[in-house]
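Source file upload.cif; content: mmCIF, C-alpha atoms; chains and numbers go by the auth columns.
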data_model
loop_
_atom_site.group_PDB
_atom_site.id
_atom_site.type_symbol
_atom_site.label_atom_id
_atom_site.label_comp_id
_atom_site.label_asym_id
_atom_site.label_seq_id
_atom_site.Cartn_x
_atom_site.Cartn_y
_atom_site.Cartn_z
_atom_site.B_iso_or_equiv
_atom_site.auth_seq_id
_atom_site.auth_asym_id
ATOM 1 C CA MET A 1 18.519 28.920 -27.570 0.00 1 A
ATOM 2 C CA VAL A 2 15.039 30.350 -28.239 0.00 2 A
ATOM 3 C CA ALA A 3 14.284 27.593 -30.746 0.00 3 A
ATOM 4 C CA ILE A 4 15.496 24.986 -28.273 0.00 4 A
ATOM 5 C CA SER A 5 13.204 26.412 -25.593 0.00 5 A
ATOM 6 C CA ILE A 6 10.204 26.046 -27.909 0.00 6 A
ATOM 7 C CA ALA A 7 11.284 22.505 -28.748 0.00 7 A
ATOM 8 C CA VAL A 8 11.644 21.569 -25.081 0.00 8 A
ATOM 9 C CA ALA A 9 8.168 22.906 -24.362 0.00 9 A
ATOM 10 C CA ALA A 10 6.699 20.985 -27.279 0.00 10 A
ATOM 11 C CA VAL A 11 8.439 17.710 -26.456 0.00 11 A
ATOM 12 C CA LEU A 12 7.422 17.779 -22.803 0.00 12 A
ATOM 13 C CA ASN A 13 3.860 18.921 -23.502 0.00 13 A
ATOM 14 C CA VAL A 14 0.970 17.270 -21.690 0.00 14 A
ATOM 15 C CA GLU A 15 -2.602 18.432 -22.384 0.00 15 A
ATOM 16 C CA ALA A 16 -3.906 21.062 -19.963 0.00 16 A
ATOM 17 C CA ALA A 17 -7.033 20.808 -17.826 0.00 17 A
ATOM 18 C CA THR A 18 -9.091 22.623 -15.222 0.00 18 A
ATOM 19 C CA ALA A 19 -8.254 22.673 -11.517 0.00 19 A
ATOM 20 C CA SER A 20 -9.012 19.721 -9.286 0.00 20 A
ATOM 21 C CA ALA A 21 -8.879 19.116 -5.551 0.00 21 A
ATOM 22 C CA SER A 22 -9.906 16.675 -2.851 0.00 22 A
ATOM 23 C CA PRO A 23 -12.546 17.363 -0.182 0.00 23 A
ATOM 24 C CA ALA A 24 -11.712 19.977 2.405 0.00 24 A
ATOM 25 C CA ALA A 25 -11.188 17.727 5.414 0.00 25 A
ATOM 26 C CA CYS A 26 -7.828 15.981 5.543 0.00 26 A
ATOM 27 C CA GLU A 27 -4.982 15.852 8.036 0.00 27 A
ATOM 28 C CA THR A 28 -2.076 15.895 5.585 0.00 28 A
ATOM 29 C CA PRO A 29 -2.965 17.451 2.214 0.00 29 A
ATOM 30 C CA THR A 30 -0.857 16.362 -0.761 0.00 30 A
ATOM 31 C CA VAL A 31 -0.077 19.118 -3.263 0.00 31 A
ATOM 32 C CA LEU A 32 0.662 17.890 -6.804 0.00 32 A
ATOM 33 C CA VAL A 33 3.116 19.943 -8.892 0.00 33 A
ATOM 34 C CA HIS A 34 3.415 19.201 -12.613 0.00 34 A
ATOM 35 C CA ASP A 35 6.528 19.296 -14.802 0.00 35 A
ATOM 36 C CA LEU A 36 7.716 22.039 -17.144 0.00 36 A
ATOM 37 C CA ALA A 37 5.539 22.374 -20.278 0.00 37 A
ATOM 38 C CA SER A 38 2.753 20.384 -18.654 0.00 38 A
ATOM 39 C CA SER A 39 -0.324 21.029 -16.515 0.00 39 A
ATOM 40 C CA GLU A 40 -2.257 19.555 -13.615 0.00 40 A
ATOM 41 C CA ARG A 41 -3.835 17.121 -16.105 0.00 41 A
ATOM 42 C CA GLU A 42 -0.571 15.212 -15.753 0.00 42 A
ATOM 43 C CA TRP A 43 -1.867 13.779 -12.472 0.00 43 A
ATOM 44 C CA ASP A 44 -5.305 12.601 -13.658 0.00 44 A
ATOM 45 C CA GLY A 45 -4.302 8.941 -13.663 0.00 45 A
ATOM 46 C CA TRP A 46 -2.982 9.176 -10.111 0.00 46 A
ATOM 47 C CA LEU A 47 -6.020 10.570 -8.324 0.00 47 A
ATOM 48 C CA ASP A 48 -7.812 7.265 -7.717 0.00 48 A
ATOM 49 C CA ASP A 49 -4.633 5.661 -6.387 0.00 49 A
ATOM 50 C CA LEU A 50 -4.041 8.602 -4.087 0.00 50 A
ATOM 51 C CA ASP A 51 -7.593 8.347 -2.789 0.00 51 A
ATOM 52 C CA ARG A 52 -7.288 4.603 -2.158 0.00 52 A
ATOM 53 C CA ARG A 53 -4.223 5.269 -0.020 0.00 53 A
ATOM 54 C CA GLY A 54 -6.111 7.817 2.037 0.00 54 A
ATOM 55 C CA LEU A 55 -4.236 10.732 0.480 0.00 55 A
ATOM 56 C CA CYS A 56 -6.307 13.819 -0.269 0.00 56 A
ATOM 57 C CA ALA A 57 -4.705 15.547 -3.236 0.00 57 A
ATOM 58 C CA PHE A 58 -4.849 19.089 -4.558 0.00 58 A
ATOM 59 C CA SER A 59 -3.544 19.946 -8.026 0.00 59 A
ATOM 60 C CA PHE A 60 -3.105 23.234 -9.871 0.00 60 A
ATOM 61 C CA THR A 61 -1.599 24.619 -13.060 0.00 61 A
ATOM 62 C CA TYR A 62 1.152 27.209 -12.751 0.00 62 A
ATOM 63 C CA GLY A 63 3.578 29.147 -14.927 0.00 63 A
ATOM 64 C CA ASN A 64 1.519 30.484 -17.857 0.00 64 A
ATOM 65 C CA SER A 65 3.921 32.617 -19.903 0.00 65 A
ATOM 66 C CA ASP A 66 3.160 34.925 -22.826 0.00 66 A
ATOM 67 C CA ALA A 67 4.091 32.051 -25.111 0.00 67 A
ATOM 68 C CA SER A 68 1.433 29.817 -23.570 0.00 68 A
ATOM 69 C CA VAL A 69 -1.272 31.607 -25.578 0.00 69 A
ATOM 70 C CA LEU A 70 0.612 31.071 -28.837 0.00 70 A
ATOM 71 C CA LEU A 71 1.263 27.428 -28.005 0.00 71 A
ATOM 72 C CA GLN A 72 -2.406 26.907 -27.180 0.00 72 A
ATOM 73 C CA GLN A 73 -3.355 28.320 -30.581 0.00 73 A
ATOM 74 C CA ALA A 74 -1.051 25.688 -32.093 0.00 74 A
ATOM 75 C CA GLY A 75 -2.838 22.984 -30.118 0.00 75 A
ATOM 76 C CA LEU A 76 -0.184 22.739 -27.400 0.00 76 A
ATOM 77 C CA ALA A 77 -1.804 23.629 -24.071 0.00 77 A
ATOM 78 C CA VAL A 78 1.235 23.934 -21.817 0.00 78 A
ATOM 79 C CA ALA A 79 2.245 25.721 -18.628 0.00 79 A
ATOM 80 C CA GLY A 80 5.165 25.799 -16.225 0.00 80 A
ATOM 81 C CA LEU A 81 7.032 28.082 -18.631 0.00 81 A
ATOM 82 C CA THR A 82 7.625 31.115 -16.436 0.00 82 A
ATOM 83 C CA SER A 83 10.744 31.409 -14.298 0.00 83 A
ATOM 84 C CA ILE A 84 11.152 28.977 -11.427 0.00 84 A
ATOM 85 C CA GLU A 85 11.109 31.937 -9.037 0.00 85 A
ATOM 86 C CA ASP A 86 7.774 33.228 -10.354 0.00 86 A
ATOM 87 C CA SER A 87 6.268 29.747 -10.406 0.00 87 A
ATOM 88 C CA ALA A 88 7.424 29.239 -6.813 0.00 88 A
ATOM 89 C CA LEU A 89 5.349 32.238 -5.749 0.00 89 A
ATOM 90 C CA GLU A 90 2.299 30.626 -7.348 0.00 90 A
ATOM 91 C CA PHE A 91 3.119 27.372 -5.560 0.00 91 A
ATOM 92 C CA GLY A 92 3.397 29.145 -2.225 0.00 92 A
ATOM 93 C CA ALA A 93 0.059 30.891 -2.706 0.00 93 A
ATOM 94 C CA PHE A 94 -1.584 27.588 -3.608 0.00 94 A
ATOM 95 C CA VAL A 95 -0.123 25.842 -0.551 0.00 95 A
ATOM 96 C CA ALA A 96 -1.497 28.655 1.613 0.00 96 A
ATOM 97 C CA SER A 97 -4.953 28.224 0.059 0.00 97 A
ATOM 98 C CA VAL A 98 -4.876 24.465 0.650 0.00 98 A
ATOM 99 C CA ARG A 99 -3.880 24.941 4.288 0.00 99 A
ATOM 100 C CA GLU A 100 -6.642 27.496 4.746 0.00 100 A
ATOM 101 C CA ARG A 101 -9.223 25.198 3.158 0.00 101 A
ATOM 102 C CA THR A 102 -8.245 22.098 5.139 0.00 102 A
ATOM 103 C CA GLY A 103 -7.028 23.623 8.376 0.00 103 A
ATOM 104 C CA ALA A 104 -3.800 21.599 8.059 0.00 104 A
ATOM 105 C CA GLU A 105 -0.587 23.011 9.507 0.00 105 A
ATOM 106 C CA ARG A 106 1.656 21.377 6.904 0.00 106 A
ATOM 107 C CA VAL A 107 1.359 19.742 3.496 0.00 107 A
ATOM 108 C CA GLN A 108 3.380 17.155 1.621 0.00 108 A
ATOM 109 C CA VAL A 109 4.296 17.626 -2.023 0.00 109 A
ATOM 110 C CA LEU A 110 4.431 15.232 -4.962 0.00 110 A
ATOM 111 C CA ALA A 111 6.244 16.889 -7.864 0.00 111 A
ATOM 112 C CA ARG A 112 7.486 15.825 -11.276 0.00 112 A
ATOM 113 C CA GLY A 113 10.713 17.035 -12.899 0.00 113 A
ATOM 114 C CA ALA A 114 10.972 20.824 -12.862 0.00 114 A
ATOM 115 C CA GLY A 115 7.998 20.927 -10.485 0.00 115 A
ATOM 116 C CA GLY A 116 10.411 19.741 -7.816 0.00 116 A
ATOM 117 C CA LEU A 117 12.585 22.783 -8.463 0.00 117 A
ATOM 118 C CA VAL A 118 9.536 25.040 -8.124 0.00 118 A
ATOM 119 C CA ALA A 119 8.609 23.498 -4.769 0.00 119 A
ATOM 120 C CA ARG A 120 12.221 23.542 -3.591 0.00 120 A
ATOM 121 C CA GLN A 121 12.540 27.226 -4.503 0.00 121 A
ATOM 122 C CA TRP A 122 9.611 28.136 -2.291 0.00 122 A
ATOM 123 C CA ILE A 123 10.678 25.900 0.581 0.00 123 A
ATOM 124 C CA ALA A 124 14.275 27.137 0.586 0.00 124 A
ATOM 125 C CA HIS A 125 13.649 30.848 0.128 0.00 125 A
ATOM 126 C CA SER A 126 10.398 31.602 1.946 0.00 126 A
ATOM 127 C CA ASP A 127 11.424 30.402 5.418 0.00 127 A
ATOM 128 C CA ALA A 128 8.117 28.542 5.280 0.00 128 A
ATOM 129 C CA GLN A 129 7.520 25.676 7.682 0.00 129 A
ATOM 130 C CA ASP A 130 4.402 24.434 5.929 0.00 130 A
ATOM 131 C CA VAL A 131 5.938 21.619 3.828 0.00 131 A
ATOM 132 C CA ARG A 132 6.996 18.452 5.611 0.00 132 A
ATOM 133 C CA ALA A 133 7.963 16.240 2.638 0.00 133 A
ATOM 134 C CA LEU A 134 8.874 16.650 -1.032 0.00 134 A
ATOM 135 C CA VAL A 135 8.645 13.535 -3.208 0.00 135 A
ATOM 136 C CA THR A 136 9.991 14.208 -6.712 0.00 136 A
ATOM 137 C CA VAL A 137 9.464 11.927 -9.728 0.00 137 A
ATOM 138 C CA GLY A 138 12.352 12.336 -12.180 0.00 138 A
ATOM 139 C CA PRO A 139 14.175 15.025 -10.174 0.00 139 A
ATOM 140 C CA LEU A 140 16.224 17.655 -11.962 0.00 140 A
ATOM 141 C CA TRP A 141 18.473 18.667 -9.074 0.00 141 A
ATOM 142 C CA ASN A 142 21.484 18.626 -11.411 0.00 142 A
ATOM 143 C CA GLY A 143 19.549 19.878 -14.426 0.00 143 A
ATOM 144 C CA THR A 144 19.578 18.469 -17.942 0.00 144 A
ATOM 145 C CA ASP A 145 22.236 18.205 -20.631 0.00 145 A
ATOM 146 C CA LEU A 146 19.612 17.889 -23.375 0.00 146 A
ATOM 147 C CA ALA A 147 21.206 18.606 -26.783 0.00 147 A
ATOM 148 C CA GLY A 148 24.508 19.254 -25.007 0.00 148 A
ATOM 149 C CA LEU A 149 23.251 22.527 -23.517 0.00 149 A
ATOM 150 C CA GLY A 150 24.651 21.751 -20.085 0.00 150 A
ATOM 151 C CA SER A 151 28.096 21.019 -21.493 0.00 151 A
ATOM 152 C CA LEU A 152 27.942 24.233 -23.498 0.00 152 A
ATOM 153 C CA ALA A 153 26.952 26.225 -20.414 0.00 153 A
ATOM 154 C CA ALA A 154 29.855 24.707 -18.466 0.00 154 A
ATOM 155 C CA PHE A 155 32.273 25.567 -21.274 0.00 155 A
ATOM 156 C CA ASN A 156 31.000 29.145 -21.530 0.00 156 A
ATOM 157 C CA ARG A 157 31.351 29.514 -17.775 0.00 157 A
ATOM 158 C CA SER A 158 34.908 28.147 -17.886 0.00 158 A
ATOM 159 C CA ILE A 159 35.985 30.790 -20.402 0.00 159 A
ATOM 160 C CA GLY A 160 34.144 33.582 -18.617 0.00 160 A
ATOM 161 C CA ILE A 161 31.414 34.417 -21.135 0.00 161 A
ATOM 162 C CA TYR A 162 28.392 32.661 -19.592 0.00 162 A
ATOM 163 C CA ASP A 163 26.988 35.670 -17.720 0.00 163 A
ATOM 164 C CA ALA A 164 27.289 37.983 -20.734 0.00 164 A
ATOM 165 C CA LEU A 165 25.543 35.512 -23.039 0.00 165 A
ATOM 166 C CA ALA A 166 22.843 34.829 -20.453 0.00 166 A
ATOM 167 C CA ALA A 167 22.136 38.559 -20.166 0.00 167 A
ATOM 168 C CA LEU A 168 21.664 38.781 -23.952 0.00 168 A
ATOM 169 C CA GLU A 169 19.389 35.719 -24.057 0.00 169 A
ATOM 170 C CA LYS A 170 17.208 36.644 -21.081 0.00 170 A
ATOM 171 C CA PRO A 171 14.849 39.140 -22.807 0.00 171 A
ATOM 172 C CA LEU A 172 14.390 36.665 -25.672 0.00 172 A
ATOM 173 C CA LEU A 173 13.787 33.599 -23.493 0.00 173 A
ATOM 174 C CA GLU A 174 11.566 34.986 -20.740 0.00 174 A
ATOM 175 C CA PRO A 175 8.407 35.564 -22.837 0.00 175 A
ATOM 176 C CA ILE A 176 8.758 32.068 -24.297 0.00 176 A
ATOM 177 C CA CYS A 177 10.071 29.779 -21.584 0.00 177 A
ATOM 178 C CA ALA A 178 12.224 31.247 -18.834 0.00 178 A
ATOM 179 C CA ALA A 179 12.349 27.894 -17.022 0.00 179 A
ATOM 180 C CA CYS A 180 13.737 26.101 -20.088 0.00 180 A
ATOM 181 C CA GLY A 181 17.081 27.829 -19.683 0.00 181 A
ATOM 182 C CA GLN A 182 17.063 27.495 -15.912 0.00 182 A
ATOM 183 C CA ILE A 183 16.836 23.682 -15.899 0.00 183 A
ATOM 184 C CA VAL A 184 19.980 23.344 -18.025 0.00 184 A
ATOM 185 C CA ALA A 185 22.894 21.876 -16.074 0.00 185 A
ATOM 186 C CA ASP A 186 25.321 24.570 -14.908 0.00 186 A
ATOM 187 C CA SER A 187 22.881 27.352 -15.776 0.00 187 A
ATOM 188 C CA GLY A 188 22.930 30.453 -13.619 0.00 188 A
ATOM 189 C CA TYR A 189 19.970 29.113 -11.647 0.00 189 A
ATOM 190 C CA MET A 190 21.536 25.696 -11.082 0.00 190 A
ATOM 191 C CA HIS A 191 24.882 27.247 -10.215 0.00 191 A
ATOM 192 C CA ASP A 192 23.342 29.536 -7.593 0.00 192 A
ATOM 193 C CA ALA A 193 21.129 26.793 -6.126 0.00 193 A
ATOM 194 C CA ALA A 194 24.088 24.449 -5.694 0.00 194 A
ATOM 195 C CA ARG A 195 26.022 27.209 -3.957 0.00 195 A
ATOM 196 C CA THR A 196 23.238 28.199 -1.548 0.00 196 A
ATOM 197 C CA GLY A 197 22.127 24.635 -0.794 0.00 197 A
ATOM 198 C CA TRP A 198 19.192 22.521 -1.846 0.00 198 A
ATOM 199 C CA VAL A 199 17.662 21.246 1.386 0.00 199 A
ATOM 200 C CA SER A 200 15.802 22.851 4.270 0.00 200 A
ATOM 201 C CA PRO A 201 15.801 21.500 7.838 0.00 201 A
ATOM 202 C CA GLY A 202 12.689 19.595 8.834 0.00 202 A
ATOM 203 C CA VAL A 203 11.730 18.600 5.277 0.00 203 A
ATOM 204 C CA ARG A 204 11.951 14.994 4.087 0.00 204 A
ATOM 205 C CA TYR A 205 13.198 14.654 0.494 0.00 205 A
ATOM 206 C CA VAL A 206 12.492 11.549 -1.616 0.00 206 A
ATOM 207 C CA ASN A 207 13.614 11.055 -5.234 0.00 207 A
ATOM 208 C CA VAL A 208 11.984 8.510 -7.552 0.00 208 A
ATOM 209 C CA ILE A 209 14.599 7.880 -10.235 0.00 209 A
ATOM 210 C CA SER A 210 14.730 5.850 -13.442 0.00 210 A
ATOM 211 C CA LEU A 211 18.158 5.044 -14.841 0.00 211 A
ATOM 212 C CA SER A 212 16.494 5.357 -18.272 0.00 212 A
ATOM 213 C CA ASP A 213 15.252 8.892 -17.556 0.00 213 A
ATOM 214 C CA GLY A 214 17.100 10.408 -20.525 0.00 214 A
ATOM 215 C CA LEU A 215 16.448 14.040 -19.552 0.00 215 A
ATOM 216 C CA MET A 216 18.212 14.482 -16.240 0.00 216 A
ATOM 217 C CA THR A 217 21.963 14.323 -15.940 0.00 217 A
ATOM 218 C CA ASP A 218 23.433 11.142 -14.405 0.00 218 A
ATOM 219 C CA PRO A 219 20.440 9.797 -12.426 0.00 219 A
ATOM 220 C CA LEU A 220 22.651 8.188 -9.801 0.00 220 A
ATOM 221 C CA VAL A 221 23.958 11.594 -8.698 0.00 221 A
ATOM 222 C CA ALA A 222 20.567 13.307 -8.861 0.00 222 A
ATOM 223 C CA ALA A 223 19.938 13.217 -5.131 0.00 223 A
ATOM 224 C CA VAL A 224 20.427 16.172 -2.867 0.00 224 A
ATOM 225 C CA PRO A 225 22.347 15.556 0.385 0.00 225 A
ATOM 226 C CA GLY A 226 20.180 13.900 2.994 0.00 226 A
ATOM 227 C CA SER A 227 17.512 12.761 0.534 0.00 227 A
ATOM 228 C CA GLU A 228 16.278 9.244 -0.120 0.00 228 A
ATOM 229 C CA ASN A 229 16.608 7.633 -3.548 0.00 229 A
ATOM 230 C CA LEU A 230 14.041 5.117 -4.833 0.00 230 A
ATOM 231 C CA VAL A 231 15.508 3.689 -8.055 0.00 231 A
ATOM 232 C CA VAL A 232 13.063 1.974 -10.405 0.00 232 A
ATOM 233 C CA GLN A 233 15.680 -0.475 -11.696 0.00 233 A
ATOM 234 C CA ASP A 234 16.505 -1.615 -8.160 0.00 234 A
ATOM 235 C CA VAL A 235 13.019 -3.135 -8.145 0.00 235 A
ATOM 236 C CA ASP A 236 12.802 -4.156 -11.810 0.00 236 A
ATOM 237 C CA PRO A 237 16.117 -4.117 -13.717 0.00 237 A
ATOM 238 C CA ALA A 238 14.227 -4.557 -17.014 0.00 238 A
ATOM 239 C CA ASP A 239 12.160 -1.378 -16.586 0.00 239 A
ATOM 240 C CA ARG A 240 13.006 1.230 -19.269 0.00 240 A
ATOM 241 C CA THR A 241 10.676 4.053 -18.268 0.00 241 A
ATOM 242 C CA ASP A 242 12.005 7.414 -19.475 0.00 242 A
ATOM 243 C CA HIS A 243 11.273 10.932 -18.233 0.00 243 A
ATOM 244 C CA LEU A 244 8.380 11.591 -20.601 0.00 244 A
ATOM 245 C CA HIS A 245 6.538 8.449 -19.499 0.00 245 A
ATOM 246 C CA MET A 246 7.248 8.402 -15.776 0.00 246 A
ATOM 247 C CA THR A 247 3.766 9.469 -14.741 0.00 247 A
ATOM 248 C CA ASN A 248 2.353 6.516 -16.703 0.00 248 A
ATOM 249 C CA GLY A 249 4.754 3.931 -15.288 0.00 249 A
ATOM 250 C CA PRO A 250 2.999 1.659 -12.741 0.00 250 A
ATOM 251 C CA LEU A 251 6.210 0.945 -10.824 0.00 251 A
ATOM 252 C CA VAL A 252 7.109 4.635 -10.732 0.00 252 A
ATOM 253 C CA ARG A 253 3.668 5.379 -9.353 0.00 253 A
ATOM 254 C CA ARG A 254 3.938 2.679 -6.695 0.00 254 A
ATOM 255 C CA LEU A 255 7.302 3.960 -5.504 0.00 255 A
ATOM 256 C CA ALA A 256 6.164 7.600 -5.464 0.00 256 A
ATOM 257 C CA LEU A 257 2.972 6.874 -3.580 0.00 257 A
ATOM 258 C CA GLY A 258 4.934 4.744 -1.148 0.00 258 A
ATOM 259 C CA GLY A 259 7.116 7.754 -0.418 0.00 259 A
ATOM 260 C CA LEU A 260 4.100 9.755 0.735 0.00 260 A
ATOM 261 C CA THR A 261 2.480 9.596 4.169 0.00 261 A
ATOM 262 C CA ALA A 262 -1.202 8.737 4.470 0.00 262 A
ATOM 263 C CA GLY A 263 -3.326 10.981 6.594 0.00 263 A
#
Could you take the file, read its structure, and then write that structure out as structure tokens?
Amino acid sequence: MVAISIAVAAVLNVEAATASASPAACETPTVLVHDLASSEREWDGWLDDLDRRGLCAFSFTYGNSDASVLLQQAGLAVAGLTSIEDSALEFGAFVASVRERTGAERVQVLARGAGGLVARQWIAHSDAQDVRALVTVGPLWNGTDLAGLGSLAAFNRSIGIYDALAALEKPLLEPICAACGQIVADSGYMHDAARTGWVSPGVRYVNVISLSDGLMTDPLVAAVPGSENLVVQDVDPADRTDHLHMTNGPLVRRLALGGLTAG
């Protein structure tokens, strides 16, 4: 499992960068949340398009684990590796700073992959009323079955050994990539989230989905109740954009930006 966590981080890696943000004055700030094993640099190609649509955007890098330093020494500048719960606290603090800087009462969020889980964690568990919309590109609401890990987790749960194995793995995984285990389908995190509920009243949820995603479990069942699905192949059946390339897909970008509100 530890080796798989390192592999997931390496495969999903996007080069890191310094913080970026739009000017202070804007009615509806848009907070950008990167994927697991990525950084705010993931959104560089989107900033001009956001600006043209009148969307002031604020990006940040979250989730630097102990392993991030080692990965950086190997030329892999990655973040988003800490637990979803810890990353959610960073997200909440950043949202508060954006609201303070702009004077806005609420923000909207554009997140990719596991970044949607980070935002959802904060929204659902903080009783915060400061997020009005969450648009997720390549959502992982049902997790991933990468390398059959989700199926293995389900099997271990069915025979009653999942919790014991998870307790043994936790001290090994957390310094490397706590979130890597959490995004696995039927993990403890996914199991608890499904039981407690994914959505919060007053928040609009939009999913931008590619049937060729390849990382998420069945894309057609990736939506949370009450959310809106924007399926890439409904617009262009020939589009084969996968999870790793969704931020570079022009149609994906158009759908995601269309799901946001200008202001």
Could you list, as a PDB file with C-alpha atoms, in the coordinates of the input, every residue matched by the PyMOL selection byres ((chain A and resi 103-119) around 6) in this structure?
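Output file expr-v8.pdb is given in full below:
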ATOM      1  CA  GLU A  27      -4.982  15.852   8.036  1.00  0.00           C
ATOM      2  CA  THR A  28      -2.076  15.895   5.585  1.00  0.00           C
ATOM      3  CA  PRO A  29      -2.965  17.451   2.214  1.00  0.00           C
ATOM      4  CA  THR A  30      -0.857  16.362  -0.761  1.00  0.00           C
ATOM      5  CA  VAL A  31      -0.077  19.118  -3.263  1.00  0.00           C
ATOM      6  CA  LEU A  32       0.662  17.890  -6.804  1.00  0.00           C
ATOM      7  CA  VAL A  33       3.116  19.943  -8.892  1.00  0.00           C
ATOM      8  CA  HIS A  34       3.415  19.201 -12.613  1.00  0.00           C
ATOM      9  CA  ASP A  35       6.528  19.296 -14.802  1.00  0.00           C
ATOM     10  CA  LEU A  36       7.716  22.039 -17.144  1.00  0.00           C
ATOM     11  CA  ILE A  84      11.152  28.977 -11.427  1.00  0.00           C
ATOM     12  CA  ALA A  88       7.424  29.239  -6.813  1.00  0.00           C
ATOM     13  CA  ARG A  99      -3.880  24.941   4.288  1.00  0.00           C
ATOM     14  CA  GLU A 100      -6.642  27.496   4.746  1.00  0.00           C
ATOM     15  CA  ARG A 101      -9.223  25.198   3.158  1.00  0.00           C
ATOM     16  CA  THR A 102      -8.245  22.098   5.139  1.00  0.00           C
ATOM     17  CA  ARG A 120      12.221  23.542  -3.591  1.00  0.00           C
ATOM     18  CA  GLN A 121      12.540  27.226  -4.503  1.00  0.00           C
ATOM     19  CA  TRP A 122       9.611  28.136  -2.291  1.00  0.00           C
ATOM     20  CA  ASP A 130       4.402  24.434   5.929  1.00  0.00           C
ATOM     21  CA  VAL A 131       5.938  21.619   3.828  1.00  0.00           C
ATOM     22  CA  ARG A 132       6.996  18.452   5.611  1.00  0.00           C
ATOM     23  CA  ALA A 133       7.963  16.240   2.638  1.00  0.00           C
ATOM     24  CA  LEU A 134       8.874  16.650  -1.032  1.00  0.00           C
ATOM     25  CA  VAL A 135       8.645  13.535  -3.208  1.00  0.00           C
ATOM     26  CA  THR A 136       9.991  14.208  -6.712  1.00  0.00           C
ATOM     27  CA  VAL A 137       9.464  11.927  -9.728  1.00  0.00           C
ATOM     28  CA  GLY A 138      12.352  12.336 -12.180  1.00  0.00           C
ATOM     29  CA  PRO A 139      14.175  15.025 -10.174  1.00  0.00           C
ATOM     30  CA  LEU A 140      16.224  17.655 -11.962  1.00  0.00           C
TER      31      LEU A 140
END
* Taking the file as shown, what set of residues would the PyMOL selection byres ((chain A and resi 238-249) around 9) give back, as JSON, numbers by chain? -> {"A": [11, 12, 42, 43, 45, 46, 112, 113, 137, 138, 210, 211, 212, 213, 214, 215, 216, 232, 233, 235, 236, 237, 250, 251, 252, 253, 254]}
* **Point (2.8, 29.7, -0.6) neighbourhood (9 Å, only C-alpha atoms) written as JSON, numbers by chain** => {"A": [88, 89, 90, 91, 92, 93, 94, 95, 96, 97, 122, 123, 126, 128, 130]}
Could you write those residues out with C-alpha atoms, as a CSV table (one decimal), in the frame of the given file?
chain,number,residue,atom,x,y,z
A,88,ALA,CA,7.4,29.2,-6.8
A,89,LEU,CA,5.3,32.2,-5.7
A,90,GLU,CA,2.3,30.6,-7.3
A,91,PHE,CA,3.1,27.4,-5.6
A,92,GLY,CA,3.4,29.1,-2.2
A,93,ALA,CA,0.1,30.9,-2.7
A,94,PHE,CA,-1.6,27.6,-3.6
A,95,VAL,CA,-0.1,25.8,-0.6
A,96,ALA,CA,-1.5,28.7,1.6
A,97,SER,CA,-5.0,28.2,0.1
A,122,TRP,CA,9.6,28.1,-2.3
A,123,ILE,CA,10.7,25.9,0.6
A,126,SER,CA,10.4,31.6,1.9
A,128,ALA,CA,8.1,28.5,5.3
A,130,ASP,CA,4.4,24.4,5.9
* **Minimum-distance residue to A:Glu85, chosen among A:Gly143, A:Pro175, A:Gly63, A:Gly54 (using all atoms listed in the file)** => A:Gly63
* Mind pulling up the distance from atom CA of A:Asp234 to atom CA of A:Leu255? -> 11.1 Å
* **Nearest to A:Gly181, chosen from A:Ala194, A:Leu220, A:Ala166, A:Ala57, with all atoms listed in the file counted in the distances** =>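 The closest residue to A:Gly181 is A:Ala166.
In this comparison, which uses only C-alpha atoms, the residue of A:Gly202, A:Pro171, A:Gly75, A:Gly197 approaching A:Val224 most closely is A:Gly197.
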* Asked: Which residues come within 12 Å of A:Arg53, counting only C-alpha atoms, excluding same-chain residues fewer than 3 positions away, as a list of chain:residue names?
  -> A:Thr30, A:Trp46, A:Leu47, A:Asp48, A:Asp49, A:Leu50, A:Cys56, A:Ala57, A:Arg254, A:Ala256, A:Leu257, A:Gly258, A:Gly259, A:Leu260, A:Thr261, A:Ala262, A:Gly263
* Can you tell me, as a list in words, what residues are no more than 8 Å from A:Ala178 when counting all atoms listed in the file, ignoring any on the same chain fewer than 6 positions away? ->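 Here the qualifying residues turn out to be Leu81, Thr82, Ser83, Ile84 and Lys170 of chain A.
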* Between atom CA of A:Gln72 and atom CA of A:Ser187, what is the spacing in Å? ->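 Straight-line distance from atom CA of A:Ser187 to atom CA of A:Gln72 works out to 27.7 Å.
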* Nearest to A:Cys26: which of A:Val98, A:Leu76, A:Ser38, A:Ile183 is it, counting only C-alpha atoms? ->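 Looking at the shortest contact to A:Cys26, the residue is A:Val98.
Using only C-alpha atoms, the smallest distance between any of A:His125, A:Ala37, A:Leu172, A:Gly80 and A:Asn64 comes from A:Gly80.
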Report, as AutoDock Vina command-line options, the centre and edge lengths in Å (one decimal) of the axis-aligned box enclosing every listed atom of stretch 192-206 of chain A, padded by 5 Å on each side.
--center_x 18.9 --center_y 20.5 --center_z 0.6 --size_x 24.3 --size_y 28.0 --size_z 26.4
* To do: Record the distance separating atom CA of A:Tyr205 and atom CA of A:Phe58, expressed in Å with one decimal.
  => 19.3 Å
* **Minimum-distance residue to A:Ala147, chosen among A:Ile209, A:Ala185, A:Phe60, A:Arg41 (using all atoms listed in the file)** => A:Ala185
